[in-house]
$ cat final_0.cif   # mmCIF, C-alpha atoms and all ligand atoms
data_final
#
loop_
_atom_site.group_PDB
_atom_site.id
_atom_site.type_symbol
_atom_site.label_atom_id
_atom_site.label_comp_id
_atom_site.auth_asym_id
_atom_site.auth_seq_id
_atom_site.Cartn_x
_atom_site.Cartn_y
_atom_site.Cartn_z
ATOM 1 C CA MET A 1 -39.826 -25.687 4.154
ATOM 2 C CA LYS A 2 -38.136 -23.071 6.350
ATOM 3 C CA LYS A 3 -39.850 -19.792 7.139
ATOM 4 C CA ILE A 4 -37.664 -16.790 7.887
ATOM 5 C CA ALA A 5 -38.397 -13.306 9.207
ATOM 6 C CA PHE A 6 -36.375 -10.108 8.950
ATOM 7 C CA ILE A 7 -36.595 -7.596 11.809
ATOM 8 C CA GLY A 8 -35.432 -4.450 10.036
ATOM 9 C CA ALA A 9 -35.982 -3.762 6.352
ATOM 10 C CA GLY A 10 -33.154 -1.395 5.438
ATOM 11 C CA SER A 11 -30.299 -1.634 2.920
ATOM 12 C CA MET A 12 -28.761 -4.787 4.373
ATOM 13 C CA ALA A 13 -32.049 -6.670 4.810
ATOM 14 C CA GLU A 14 -32.993 -5.822 1.229
ATOM 15 C CA ALA A 15 -29.605 -6.955 -0.103
ATOM 16 C CA ILE A 16 -30.019 -10.340 1.616
ATOM 17 C CA ILE A 17 -33.664 -10.688 0.516
ATOM 18 C CA ALA A 18 -32.687 -9.876 -3.078
ATOM 19 C CA GLY A 19 -29.911 -12.503 -2.990
ATOM 20 C CA ILE A 20 -32.149 -15.190 -1.454
ATOM 21 C CA VAL A 21 -35.001 -14.552 -3.882
ATOM 22 C CA LYS A 22 -32.719 -14.333 -6.935
ATOM 23 C CA HIS A 23 -31.000 -17.603 -6.042
ATOM 24 C CA GLU A 24 -34.304 -19.285 -5.122
ATOM 25 C CA VAL A 25 -33.038 -20.447 -1.712
ATOM 26 C CA LEU A 26 -36.578 -20.081 -0.448
ATOM 27 C CA PRO A 27 -39.820 -19.109 -2.120
ATOM 28 C CA ALA A 28 -40.498 -15.409 -1.557
ATOM 29 C CA ASN A 29 -43.714 -16.165 0.337
ATOM 30 C CA ALA A 30 -41.657 -17.908 3.054
ATOM 31 C CA ILE A 31 -39.885 -14.610 3.795
ATOM 32 C CA TYR A 32 -41.507 -12.219 6.300
ATOM 33 C CA VAL A 33 -40.294 -8.701 6.926
ATOM 34 C CA THR A 34 -41.002 -5.856 9.338
ATOM 35 C CA ASN A 35 -39.507 -2.466 10.199
ATOM 36 C CA HIS A 36 -40.130 0.371 12.638
ATOM 37 C CA SER A 37 -42.670 2.487 10.752
ATOM 38 C CA ASN A 38 -41.862 2.874 7.050
ATOM 39 C CA LYS A 39 -44.976 1.325 5.425
ATOM 40 C CA GLU A 40 -44.082 2.471 1.911
ATOM 41 C CA ARG A 41 -40.801 0.590 2.100
ATOM 42 C CA LEU A 42 -42.485 -2.653 3.184
ATOM 43 C CA ALA A 43 -45.031 -2.241 0.378
ATOM 44 C CA ARG A 44 -42.194 -1.744 -2.123
ATOM 45 C CA LEU A 45 -40.337 -4.847 -0.856
ATOM 46 C CA HIS A 46 -43.580 -6.855 -1.204
ATOM 47 C CA GLU A 47 -44.096 -5.503 -4.705
ATOM 48 C CA GLN A 48 -40.507 -6.052 -5.835
ATOM 49 C CA TYR A 49 -39.634 -9.406 -4.211
ATOM 50 C CA GLY A 50 -42.973 -10.955 -3.186
ATOM 51 C CA VAL A 51 -42.017 -11.052 0.538
ATOM 52 C CA THR A 52 -44.709 -10.731 3.221
ATOM 53 C CA PRO A 53 -44.763 -7.633 5.442
ATOM 54 C CA PHE A 54 -45.906 -8.185 9.052
ATOM 55 C CA ARG A 55 -46.349 -6.062 12.172
ATOM 56 C CA ASP A 56 -47.384 -8.509 14.886
ATOM 57 C CA VAL A 57 -45.103 -11.211 16.311
ATOM 58 C CA GLU A 58 -48.204 -13.508 16.239
ATOM 59 C CA ASN A 59 -47.856 -13.576 12.439
ATOM 60 C CA ILE A 60 -44.458 -15.251 12.679
ATOM 61 C CA LYS A 61 -44.876 -17.491 15.729
ATOM 62 C CA ASP A 62 -43.841 -20.603 13.738
ATOM 63 C CA VAL A 63 -40.786 -18.933 12.161
ATOM 64 C CA ASP A 64 -37.631 -21.092 11.794
ATOM 65 C CA VAL A 65 -35.028 -18.331 11.413
ATOM 66 C CA LEU A 66 -35.188 -14.804 12.801
ATOM 67 C CA ILE A 67 -32.772 -12.354 11.172
ATOM 68 C CA PHE A 68 -32.113 -9.128 13.071
ATOM 69 C CA ALA A 69 -31.111 -6.276 10.721
ATOM 70 C CA THR A 70 -31.773 -3.073 12.687
ATOM 71 C CA LYS A 71 -29.091 -0.564 13.595
ATOM 72 C CA PRO A 72 -27.050 -1.558 16.666
ATOM 73 C CA ASN A 73 -28.562 1.265 18.763
ATOM 74 C CA GLN A 74 -32.102 0.035 17.973
ATOM 75 C CA ILE A 75 -31.700 -3.569 19.085
ATOM 76 C CA ALA A 76 -32.270 -3.130 22.843
ATOM 77 C CA GLU A 77 -35.849 -1.981 22.334
ATOM 78 C CA VAL A 78 -36.472 -4.566 19.584
ATOM 79 C CA LEU A 79 -35.400 -7.808 21.279
ATOM 80 C CA PRO A 80 -38.070 -8.115 24.037
ATOM 81 C CA LYS A 81 -40.839 -8.149 21.437
ATOM 82 C CA TYR A 82 -39.482 -11.409 19.952
ATOM 83 C CA ALA A 83 -38.544 -13.208 23.201
ATOM 84 C CA SER A 84 -41.459 -15.651 22.802
ATOM 85 C CA LEU A 85 -39.931 -17.139 19.617
ATOM 86 C CA THR A 86 -37.973 -19.789 21.496
ATOM 87 C CA ASN A 87 -37.811 -22.292 18.604
ATOM 88 C CA ALA A 88 -36.174 -20.027 16.036
ATOM 89 C CA ILE A 89 -32.531 -19.964 15.018
ATOM 90 C CA ILE A 90 -31.326 -16.400 15.665
ATOM 91 C CA VAL A 91 -29.178 -14.560 13.122
ATOM 92 C CA SER A 92 -27.790 -11.055 13.620
ATOM 93 C CA VAL A 93 -26.135 -8.923 10.950
ATOM 94 C CA LEU A 94 -25.588 -5.993 13.330
ATOM 95 C CA ALA A 95 -22.108 -4.469 13.336
ATOM 96 C CA GLY A 96 -20.316 -4.810 16.652
ATOM 97 C CA THR A 97 -23.225 -6.116 18.725
ATOM 98 C CA PRO A 98 -22.042 -9.213 20.613
ATOM 99 C CA LEU A 99 -23.676 -12.650 20.715
ATOM 100 C CA ALA A 100 -24.176 -12.023 24.442
ATOM 101 C CA THR A 101 -26.729 -9.283 23.680
ATOM 102 C CA PHE A 102 -28.896 -11.854 21.879
ATOM 103 C CA GLU A 103 -28.187 -14.592 24.439
ATOM 104 C CA ALA A 104 -29.730 -12.384 27.126
ATOM 105 C CA THR A 105 -33.093 -12.708 25.298
ATOM 106 C CA PHE A 106 -32.623 -16.168 23.743
ATOM 107 C CA PRO A 107 -30.492 -18.050 26.337
ATOM 108 C CA ASN A 108 -31.100 -21.569 24.983
ATOM 109 C CA GLN A 109 -31.095 -20.951 21.250
ATOM 110 C CA ALA A 110 -28.638 -21.282 18.389
ATOM 111 C CA ILE A 111 -27.352 -17.810 17.484
ATOM 112 C CA ALA A 112 -25.193 -16.765 14.526
ATOM 113 C CA ARG A 113 -23.514 -13.415 14.076
ATOM 114 C CA VAL A 114 -23.082 -12.784 10.373
ATOM 115 C CA MET A 115 -21.243 -9.833 8.830
ATOM 116 C CA PRO A 116 -22.322 -9.709 5.177
ATOM 117 C CA ASN A 117 -21.983 -6.852 2.711
ATOM 118 C CA THR A 118 -24.342 -5.221 0.233
ATOM 119 C CA SER A 119 -22.973 -7.252 -2.690
ATOM 120 C CA ALA A 120 -25.403 -9.865 -1.333
ATOM 121 C CA THR A 121 -27.846 -8.151 -3.702
ATOM 122 C CA ILE A 122 -26.219 -9.983 -6.637
ATOM 123 C CA GLY A 123 -25.086 -13.070 -4.679
ATOM 124 C CA GLU A 124 -21.517 -11.747 -4.249
ATOM 125 C CA SER A 125 -21.298 -10.929 -0.534
ATOM 126 C CA ALA A 126 -18.069 -11.633 1.365
ATOM 127 C CA SER A 127 -19.439 -12.644 4.771
ATOM 128 C CA GLY A 128 -17.958 -13.657 8.095
ATOM 129 C CA VAL A 129 -19.829 -15.790 10.652
ATOM 130 C CA ALA A 130 -19.359 -16.633 14.343
ATOM 131 C CA TRP A 131 -21.582 -18.952 16.427
ATOM 132 C CA ASN A 132 -22.713 -19.164 20.028
ATOM 133 C CA THR A 133 -22.188 -22.347 22.048
ATOM 134 C CA LYS A 134 -25.815 -23.472 21.639
ATOM 135 C CA VAL A 135 -25.537 -23.796 17.887
ATOM 136 C CA THR A 136 -26.354 -27.266 16.525
ATOM 137 C CA ASP A 137 -24.875 -28.866 13.408
ATOM 138 C CA GLU A 138 -28.246 -28.498 11.732
ATOM 139 C CA ALA A 139 -28.496 -24.776 12.583
ATOM 140 C CA LYS A 140 -24.929 -24.277 11.321
ATOM 141 C CA ARG A 141 -25.713 -26.078 8.081
ATOM 142 C CA TRP A 142 -28.869 -24.070 7.562
ATOM 143 C CA VAL A 143 -27.414 -20.642 8.315
ATOM 144 C CA THR A 144 -24.303 -21.452 6.264
ATOM 145 C CA SER A 145 -26.429 -22.444 3.276
ATOM 146 C CA LEU A 146 -28.391 -19.205 3.626
ATOM 147 C CA VAL A 147 -25.233 -17.082 3.762
ATOM 148 C CA GLU A 148 -23.597 -19.061 0.929
ATOM 149 C CA ALA A 149 -26.628 -18.250 -1.203
ATOM 150 C CA ILE A 150 -25.649 -14.577 -1.028
ATOM 151 C CA GLY A 151 -21.911 -15.092 -1.646
ATOM 152 C CA ILE A 152 -18.932 -16.632 0.136
ATOM 153 C CA VAL A 153 -18.580 -17.082 3.902
ATOM 154 C CA GLN A 154 -15.607 -17.482 6.251
ATOM 155 C CA GLU A 155 -16.032 -18.800 9.810
ATOM 156 C CA VAL A 156 -14.119 -16.686 12.359
ATOM 157 C CA ASP A 157 -13.880 -16.172 16.125
ATOM 158 C CA GLU A 158 -16.406 -13.657 17.399
ATOM 159 C CA GLU A 159 -13.711 -11.055 18.227
ATOM 160 C CA GLN A 160 -12.421 -11.245 14.641
ATOM 161 C CA LEU A 161 -15.793 -10.076 13.320
ATOM 162 C CA HIS A 162 -14.717 -6.498 14.117
ATOM 163 C CA THR A 163 -11.865 -6.835 11.624
ATOM 164 C CA VAL A 164 -14.119 -8.621 9.132
ATOM 165 C CA THR A 165 -16.427 -5.594 9.374
ATOM 166 C CA GLY A 166 -13.496 -3.231 8.753
ATOM 167 C CA LEU A 167 -12.438 -5.299 5.725
ATOM 168 C CA SER A 168 -15.471 -6.727 3.942
ATOM 169 C CA GLY A 169 -18.561 -5.400 5.740
ATOM 170 C CA SER A 170 -17.601 -1.808 4.968
ATOM 171 C CA GLY A 171 -15.328 -2.801 2.071
ATOM 172 C CA PRO A 172 -17.697 -2.172 -0.852
ATOM 173 C CA ALA A 173 -17.866 1.502 0.193
ATOM 174 C CA TYR A 174 -14.064 1.778 -0.015
ATOM 175 C CA VAL A 175 -14.142 0.370 -3.538
ATOM 176 C CA TYR A 176 -16.915 2.758 -4.593
ATOM 177 C CA PHE A 177 -14.964 5.668 -3.092
ATOM 178 C CA PHE A 178 -11.882 4.522 -5.034
ATOM 179 C CA VAL A 179 -13.939 4.497 -8.237
ATOM 180 C CA GLU A 180 -15.303 7.977 -7.476
ATOM 181 C CA ALA A 181 -11.730 9.242 -7.011
ATOM 182 C CA LEU A 182 -10.490 7.427 -10.129
ATOM 183 C CA GLU A 183 -13.272 8.906 -12.244
ATOM 184 C CA ALA A 184 -12.804 12.421 -10.852
ATOM 185 C CA ALA A 185 -9.071 12.242 -11.581
ATOM 186 C CA ALA A 186 -9.635 10.953 -15.127
ATOM 187 C CA ILE A 187 -12.148 13.753 -15.820
ATOM 188 C CA GLN A 188 -9.735 16.372 -14.485
ATOM 189 C CA GLU A 189 -7.045 14.850 -16.686
ATOM 190 C CA GLY A 190 -9.141 15.147 -19.854
ATOM 191 C CA LEU A 191 -11.754 12.363 -20.227
ATOM 192 C CA ASP A 192 -15.495 12.919 -20.487
ATOM 193 C CA PRO A 193 -17.566 11.513 -17.570
ATOM 194 C CA LYS A 194 -19.178 8.660 -19.532
ATOM 195 C CA THR A 195 -15.867 7.383 -20.865
ATOM 196 C CA ALA A 196 -14.272 7.698 -17.403
ATOM 197 C CA ARG A 197 -17.199 5.752 -15.829
ATOM 198 C CA GLU A 198 -17.127 2.898 -18.371
ATOM 199 C CA LEU A 199 -13.348 2.470 -18.160
ATOM 200 C CA ALA A 200 -13.289 2.695 -14.336
ATOM 201 C CA ILE A 201 -16.036 0.068 -13.897
ATOM 202 C CA GLN A 202 -14.450 -2.390 -16.316
ATOM 203 C CA THR A 203 -11.008 -1.876 -14.755
ATOM 204 C CA ILE A 204 -12.318 -2.790 -11.283
ATOM 205 C CA LYS A 205 -14.387 -5.682 -12.662
ATOM 206 C CA GLY A 206 -11.525 -7.083 -14.752
ATOM 207 C CA ALA A 207 -9.004 -6.840 -11.905
ATOM 208 C CA ALA A 208 -11.439 -8.451 -9.414
ATOM 209 C CA LEU A 209 -12.166 -11.310 -11.840
ATOM 210 C CA MET A 210 -8.420 -11.796 -12.468
ATOM 211 C CA LEU A 211 -7.865 -12.130 -8.709
ATOM 212 C CA ASP A 212 -10.770 -14.559 -8.344
ATOM 213 C CA GLU A 213 -10.246 -16.687 -11.427
ATOM 214 C CA THR A 214 -6.434 -16.956 -11.531
ATOM 215 C CA ARG A 215 -5.903 -17.069 -7.721
ATOM 216 C CA GLU A 216 -2.472 -15.574 -8.385
ATOM 217 C CA GLU A 217 -0.912 -13.354 -5.725
ATOM 218 C CA PRO A 218 -2.125 -9.743 -5.956
ATOM 219 C CA ALA A 219 1.544 -8.698 -5.975
ATOM 220 C CA THR A 220 2.259 -11.005 -8.957
ATOM 221 C CA LEU A 221 -0.649 -9.572 -10.907
ATOM 222 C CA ARG A 222 0.463 -6.049 -9.985
ATOM 223 C CA GLU A 223 4.019 -6.732 -11.167
ATOM 224 C CA ARG A 224 2.706 -8.024 -14.507
ATOM 225 C CA VAL A 225 1.118 -4.618 -15.154
ATOM 226 C CA THR A 226 4.231 -2.753 -14.110
ATOM 227 C CA SER A 227 6.733 -2.360 -16.962
ATOM 228 C CA PRO A 228 10.172 -1.299 -15.737
ATOM 229 C CA ASN A 229 10.336 2.483 -15.661
ATOM 230 C CA GLY A 230 6.888 2.644 -17.274
ATOM 231 C CA THR A 231 3.598 4.381 -16.532
ATOM 232 C CA THR A 232 2.349 2.012 -13.809
ATOM 233 C CA ALA A 233 5.631 2.317 -11.894
ATOM 234 C CA ALA A 234 5.171 6.086 -11.976
ATOM 235 C CA GLY A 235 1.556 5.787 -10.729
ATOM 236 C CA LEU A 236 2.463 3.334 -7.960
ATOM 237 C CA ASP A 237 5.355 5.565 -6.847
ATOM 238 C CA ALA A 238 2.864 8.412 -6.445
ATOM 239 C CA LEU A 239 0.599 6.142 -4.346
ATOM 240 C CA ARG A 240 3.555 5.186 -2.127
ATOM 241 C CA GLU A 241 4.587 8.830 -1.748
ATOM 242 C CA HIS A 242 1.044 9.545 -0.552
ATOM 243 C CA GLN A 243 1.106 6.697 2.012
ATOM 244 C CA PHE A 244 -1.413 4.467 0.222
ATOM 245 C CA ALA A 245 -0.816 1.345 2.371
ATOM 246 C CA GLU A 246 -0.814 3.388 5.598
ATOM 247 C CA THR A 247 -4.037 5.111 4.523
ATOM 248 C CA ILE A 248 -5.766 1.771 3.896
ATOM 249 C CA HIS A 249 -4.522 0.445 7.232
ATOM 250 C CA ALA A 250 -5.916 3.528 9.001
ATOM 251 C CA CYS A 251 -9.229 2.987 7.196
ATOM 252 C CA VAL A 252 -9.616 -0.682 8.216
ATOM 253 C CA GLN A 253 -8.437 0.078 11.755
ATOM 254 C CA ALA A 254 -10.911 2.968 12.166
ATOM 255 C CA ALA A 255 -13.833 0.835 10.954
ATOM 256 C CA LYS A 256 -12.767 -2.022 13.251
ATOM 257 C CA GLN A 257 -12.532 0.396 16.185
ATOM 258 C CA ARG A 258 -15.999 1.778 15.416
ATOM 259 C CA SER A 259 -17.376 -1.770 15.372
ATOM 260 C CA ILE A 260 -15.890 -2.328 18.847
ATOM 261 C CA GLU A 261 -17.498 0.926 20.050
ATOM 262 C CA LEU A 262 -20.895 0.002 18.552
ATOM 263 C CA GLY A 263 -20.704 -3.302 20.439
ATOM 264 C CA LYS A 264 -20.359 -1.447 23.728
ATOM 265 C CA ALA A 265 -23.230 0.986 23.101
HETATM 266 N N1 LIG B 301 -25.480 -1.425 5.072
HETATM 267 C C1 LIG B 301 -24.470 -2.286 5.037
HETATM 268 O O1 LIG B 301 -23.658 -2.308 4.089
HETATM 269 C C2 LIG B 301 -24.289 -3.286 6.141
HETATM 270 C C3 LIG B 301 -25.019 -3.204 7.309
HETATM 271 N N2 LIG B 301 -24.819 -4.116 8.304
HETATM 272 C C4 LIG B 301 -25.611 -4.006 9.541
HETATM 273 O O2 LIG B 301 -26.957 -4.177 9.182
HETATM 274 C C5 LIG B 301 -27.783 -3.439 10.075
HETATM 275 C C6 LIG B 301 -28.760 -2.627 9.262
HETATM 276 O O3 LIG B 301 -28.045 -1.703 8.467
HETATM 277 P P1 LIG B 301 -28.755 -0.942 7.271
HETATM 278 O O4 LIG B 301 -29.669 -1.886 6.578
HETATM 279 O O5 LIG B 301 -27.698 -0.257 6.529
HETATM 280 O O6 LIG B 301 -29.634 0.116 8.139
HETATM 281 P P2 LIG B 301 -30.974 0.874 7.744
HETATM 282 O O7 LIG B 301 -31.026 2.105 8.575
HETATM 283 O O8 LIG B 301 -31.087 0.948 6.269
HETATM 284 O O9 LIG B 301 -32.133 -0.130 8.281
HETATM 285 C C7 LIG B 301 -32.508 -0.239 9.621
HETATM 286 C C8 LIG B 301 -33.853 -0.922 9.650
HETATM 287 O O10 LIG B 301 -34.210 -1.202 10.998
HETATM 288 C C9 LIG B 301 -35.587 -0.871 11.153
HETATM 289 N N3 LIG B 301 -35.966 -0.685 12.547
HETATM 290 C C10 LIG B 301 -35.625 0.324 13.380
HETATM 291 N N4 LIG B 301 -36.220 0.145 14.595
HETATM 292 C C11 LIG B 301 -36.963 -0.983 14.488
HETATM 293 C C12 LIG B 301 -37.842 -1.663 15.358
HETATM 294 N N5 LIG B 301 -38.105 -1.200 16.610
HETATM 295 N N6 LIG B 301 -38.455 -2.813 14.926
HETATM 296 C C13 LIG B 301 -38.229 -3.277 13.665
HETATM 297 N N7 LIG B 301 -37.407 -2.663 12.788
HETATM 298 C C14 LIG B 301 -36.798 -1.527 13.194
HETATM 299 C C15 LIG B 301 -35.768 0.388 10.318
HETATM 300 O O11 LIG B 301 -37.143 0.655 10.095
HETATM 301 P P3 LIG B 301 -37.693 2.126 9.640
HETATM 302 O O12 LIG B 301 -37.114 2.384 8.286
HETATM 303 O O13 LIG B 301 -39.176 1.958 9.623
HETATM 304 O O14 LIG B 301 -37.211 3.094 10.673
HETATM 305 C C16 LIG B 301 -34.992 -0.059 9.077
HETATM 306 O O15 LIG B 301 -35.785 -0.871 8.253
HETATM 307 C C17 LIG B 301 -26.869 -2.567 10.931
HETATM 308 O O16 LIG B 301 -26.809 -3.106 12.222
HETATM 309 C C18 LIG B 301 -25.519 -2.641 10.233
HETATM 310 O O17 LIG B 301 -24.472 -2.640 11.165
HETATM 311 C C19 LIG B 301 -23.967 -5.170 8.174
HETATM 312 C C20 LIG B 301 -23.220 -5.304 7.043
HETATM 313 C C21 LIG B 301 -23.277 -4.357 5.958
HETATM 314 O O1 LIG B 302 -21.432 1.335 8.221
HETATM 315 C C1 LIG B 302 -21.875 0.468 8.995
HETATM 316 O O2 LIG B 302 -21.871 0.641 10.226
HETATM 317 C C2 LIG B 302 -22.409 -0.817 8.425
HETATM 318 C C3 LIG B 302 -21.677 -2.036 8.961
HETATM 319 C C4 LIG B 302 -20.831 -2.532 7.847
HETATM 320 C C5 LIG B 302 -21.277 -1.763 6.686
HETATM 321 N N1 LIG B 302 -22.161 -0.880 6.992
#
$ encode --input "final_0.cif" --output "C-alpha cells"
Amino acid sequence: MKKIAFIGAGSMAEAIIAGIVKHEVLPANAIYVTNHSNKERLARLHEQYGVTPFRDVENIKDVDVLIFATKPNQIAEVLPKYASLTNAIIVSVLAGTPLATFEATFPNQAIARVMPNTSATIGESASGVAWNTKVTDEAKRWVTSLVEAIGIVQEVDEEQLHTVTGLSGSGPAYVYFFVEALEAAAIQEGLDPKTARELAIQTIKGAALMLDETREEPATLRERVTSPNGTTAAGLDALREHQFAETIHACVQAAKQRSIELGKA
C-alpha cells in the first residue's frame, strides 16, 4: 500500500484529500498531512477525513509520494526540510513554480507538476500534469491514478501549465463569479434571492452536463437555445456589445501571466 504525505493543508490540499478519501483511492490512515502552524486545522482534517497530522519528517521517512501544497512563496523555506526523502515520488500543485525548483532538492527523483482545481473535493477536478525527465512509467501510472481519482487529467508540456492554470486551475472561481453576477442581475430584475439561486445553480449544472454528456460543440448547443430574433439573441447581443469574449481572454491571459510571475518569485 502507498503512503502519501501533504506538505501544506490549505484549500487545495483539503480538496485533494476529500477526493481521495471519498473515492477510496487509499485508506485515510495512509494519508499524512502537515502545515506551518495551524493546529486546529490539522485536528479538523483528522476529525473529518481520518488523515494523520505530523510535524516531524521522521514520521514520514518511508513515504511513497510527497505532495507539496504550500503557496509558491513558501516553498523555498519548506523544501530543505524534506531533502532526506530520496525514495519518494514528488508531486507539486503550486501555481507557476517550475519543476527545476524541486529538482534542485530532489535531483534524482520522479517529479510531477499537477495543476488541479478545487472541484477535486467532489472528484470533478480538471487537472493538467507535466513530468520531469526522471519520471518512471510506474511513477507516471501512480500519479495519474491519484489525479484521475479526483477528476480528469490532461498531460501537457510544462510551459503550458501556465495556461492550464489560467483556464482550469482558476476556472472554478470564474464560474462562481458568473453565478454571483447572474443572481445579482436576476434579483435586480425582480426575482427573490432563493429563486434566483436555485435557477442559477441548475442552469450552470444542466449546461455543464449537456456539454459533458452530449459532447456537442458549445456553439451548436448555444445555437439551439437561440431562437431567431428571440430573447437569447438579445442577451447574447448585449454580451457581445460588452466585449464578453475579449473580457474572458483578458481574464485567462492575466491569470496565465500571474502564474509566470509566481514561477519567477
Ligand atoms: N486554491 C486553489 O483553487 C488552487 C491552488 N493551487 C495551488 O495550491 C497551493 C496551495 O493553495 P491553497 O491551498 O489555496 O493555499 P492555502 O493558503 O489555503 O494553504 C497553504 C498551506 O501551506 C501551509 N504552509 C505554509 N508554510 C508551510 C511550511 N513551512 N511547512 C508546511 N506547510 C506550510 C499553510 O499552513 P498554515 O495554515 O499553518 O500557515 C497552509 O496549510 C498554491 O501553491 C496554489 O498555487 C493549485 C490549484 C488550485
Ligand atoms: O489563485 C491561485 O493562485 C491558485 C492557483 C490556481 C487557483 N488558485
$ resolve_selection --input "final_0.cif" --expression "the PyMOL selection byres (((chain A and resi 124) around 10) and not hetatm)" --output "MDAnalysis selection string"
chainID A and resid 19 116:123 125:127 148:152
$ residues_around --input "final_0.cif" --residues "Glu155 (chain A)" --least-positions-apart "4" --cutoff "9 Å" --atoms "only C-alpha atoms" --output "list in words"
Ser127, Gly128, Val129, Ala130 and Trp131 of chain A
$ atom_distance --input "final_0.cif" --atom1 "atom C9 of ligand LIG 301 (chain B)" --atom2 "CA of Ala9 (chain A)"
5.6 Å
$ residues_near_point --input "final_0.cif" --point "(-22.8, -8.5, 16.5)" --cutoff "9 Å" --atoms "all atoms listed in the file" --output "ChimeraX atom specification"
/A:72,92-102,112-115,158,161-162,259,262-263
$ closest_residue --input "final_0.cif" --among "A:Ala250, A:Val156, A:Ala18, A:Leu42" --to "ligand LIG 301 (chain B)" --atoms "only C-alpha atoms and all ligand atoms"
A:Leu42
$ closest_residue --input "final_0.cif" --among "A:Ile4, A:Val78, A:Leu239, A:Val135" --to "ligand LIG 301 (chain B)" --atoms "all atoms listed in the file"
A:Val78
$ residues_near_ligand --input "final_0.cif" --ligand "ligand LIG 302 (chain B)" --cutoff "6 Å" --atoms "all atoms listed in the file" --output "short mmCIF file (atom, residue, chain, number, x, y, z; two decimals) with C-alpha atoms, keeping the file's coordinate frame"
data_model
loop_
_atom_site.label_atom_id
_atom_site.label_comp_id
_atom_site.auth_asym_id
_atom_site.auth_seq_id
_atom_site.Cartn_x
_atom_site.Cartn_y
_atom_site.Cartn_z
CA ALA A 95 -22.11 -4.47 13.34
CA THR A 165 -16.43 -5.59 9.37
CA GLY A 169 -18.56 -5.40 5.74
CA SER A 170 -17.60 -1.81 4.97
#
$ residues_around --input "final_0.cif" --residues "Ala28 (chain A)" --least-positions-apart "5" --cutoff "10 Å" --atoms "all atoms listed in the file" --output "list in words"
Lys3, Ile4, Ile17, Ala18, Ile20, Val21, Lys22, His46, Tyr49, Gly50, Val51 and Thr52 of chain A
$ resolve_selection --input "final_0.cif" --expression "the PyMOL selection byres (((chain A and resi 7) around 12) and not hetatm)" --output "number ranges by chain"
A: 4-6, 8-10, 12-14, 31-37, 42, 53-57, 60, 65-71, 74-75, 77-79, 81-82, 90-94
$ closest_residue --input "final_0.cif" --among "A:Ala15, A:Ala208, A:Val63, A:Leu221" --to "ligand LIG 301 (chain B)" --atoms "only C-alpha atoms and all ligand atoms"
A:Ala15
$ axis_aligned_box --input "final_0.cif" --around "ligand LIG 301 (chain B)" --padding-each-side "3 Å" --output "lines of an AutoDock Vina configuration file"
center_x = -31.2
center_y = -1.1
center_z = 10.3
size_x = 22.0
size_y = 14.4
size_z = 18.5
$ resolve_selection --input "final_0.cif" --expression "the PyMOL selection byres (((chain A and resi 253) around 12) and not hetatm)" --output "PyMOL selection string"
chain A and resi 162-167+170+246-252+254-260
$ write_last_selection --input "final_0.cif" --atoms "C-alpha atoms" --output "PDB file, in the frame of the given file"
ATOM      1  CA  HIS A 162     -14.717  -6.498  14.117  1.00  0.00           C
ATOM      2  CA  THR A 163     -11.865  -6.835  11.624  1.00  0.00           C
ATOM      3  CA  VAL A 164     -14.119  -8.621   9.132  1.00  0.00           C
ATOM      4  CA  THR A 165     -16.427  -5.594   9.374  1.00  0.00           C
ATOM      5  CA  GLY A 166     -13.496  -3.231   8.753  1.00  0.00           C
ATOM      6  CA  LEU A 167     -12.438  -5.299   5.725  1.00  0.00           C
ATOM      7  CA  SER A 170     -17.601  -1.808   4.968  1.00  0.00           C
ATOM      8  CA  GLU A 246      -0.814   3.388   5.598  1.00  0.00           C
ATOM      9  CA  THR A 247      -4.037   5.111   4.523  1.00  0.00           C
ATOM     10  CA  ILE A 248      -5.766   1.771   3.896  1.00  0.00           C
ATOM     11  CA  HIS A 249      -4.522   0.445   7.232  1.00  0.00           C
ATOM     12  CA  ALA A 250      -5.916   3.528   9.001  1.00  0.00           C
ATOM     13  CA  CYS A 251      -9.229   2.987   7.196  1.00  0.00           C
ATOM     14  CA  VAL A 252      -9.616  -0.682   8.216  1.00  0.00           C
ATOM     15  CA  ALA A 254     -10.911   2.968  12.166  1.00  0.00           C
ATOM     16  CA  ALA A 255     -13.833   0.835  10.954  1.00  0.00           C
ATOM     17  CA  LYS A 256     -12.767  -2.022  13.251  1.00  0.00           C
ATOM     18  CA  GLN A 257     -12.532   0.396  16.185  1.00  0.00           C
ATOM     19  CA  ARG A 258     -15.999   1.778  15.416  1.00  0.00           C
ATOM     20  CA  SER A 259     -17.376  -1.770  15.372  1.00  0.00           C
ATOM     21  CA  ILE A 260     -15.890  -2.328  18.847  1.00  0.00           C
TER      22      ILE A 260
END
$ atom_distance --input "final_0.cif" --atom1 "CA of Ile16 (chain A)" --atom2 "atom O1 of ligand LIG 301 (chain B)"
10.5 Å
$ closest_residue --input "final_0.cif" --among "A:Ala234, A:Ile187, A:Leu146, A:Leu45" --to "ligand LIG 301 (chain B)" --atoms "all atoms listed in the file"
A:Leu45
$ closest_residue --input "final_0.cif" --among "A:Asn29, A:Ser168, A:Gln243, A:Ser84" --to "ligand LIG 301 (chain B)" --atoms "all atoms listed in the file"
A:Ser168
$ atom_distance --input "final_0.cif" --atom1 "CA of Val175 (chain A)" --atom2 "CA of Lys264 (chain A)"
28.0 Å
$ closest_residue --input "final_0.cif" --among "A:Ala110, A:Ala30, A:Val143, A:Ala173" --to "ligand LIG 301 (chain B)" --atoms "only C-alpha atoms and all ligand atoms"
A:Ala173
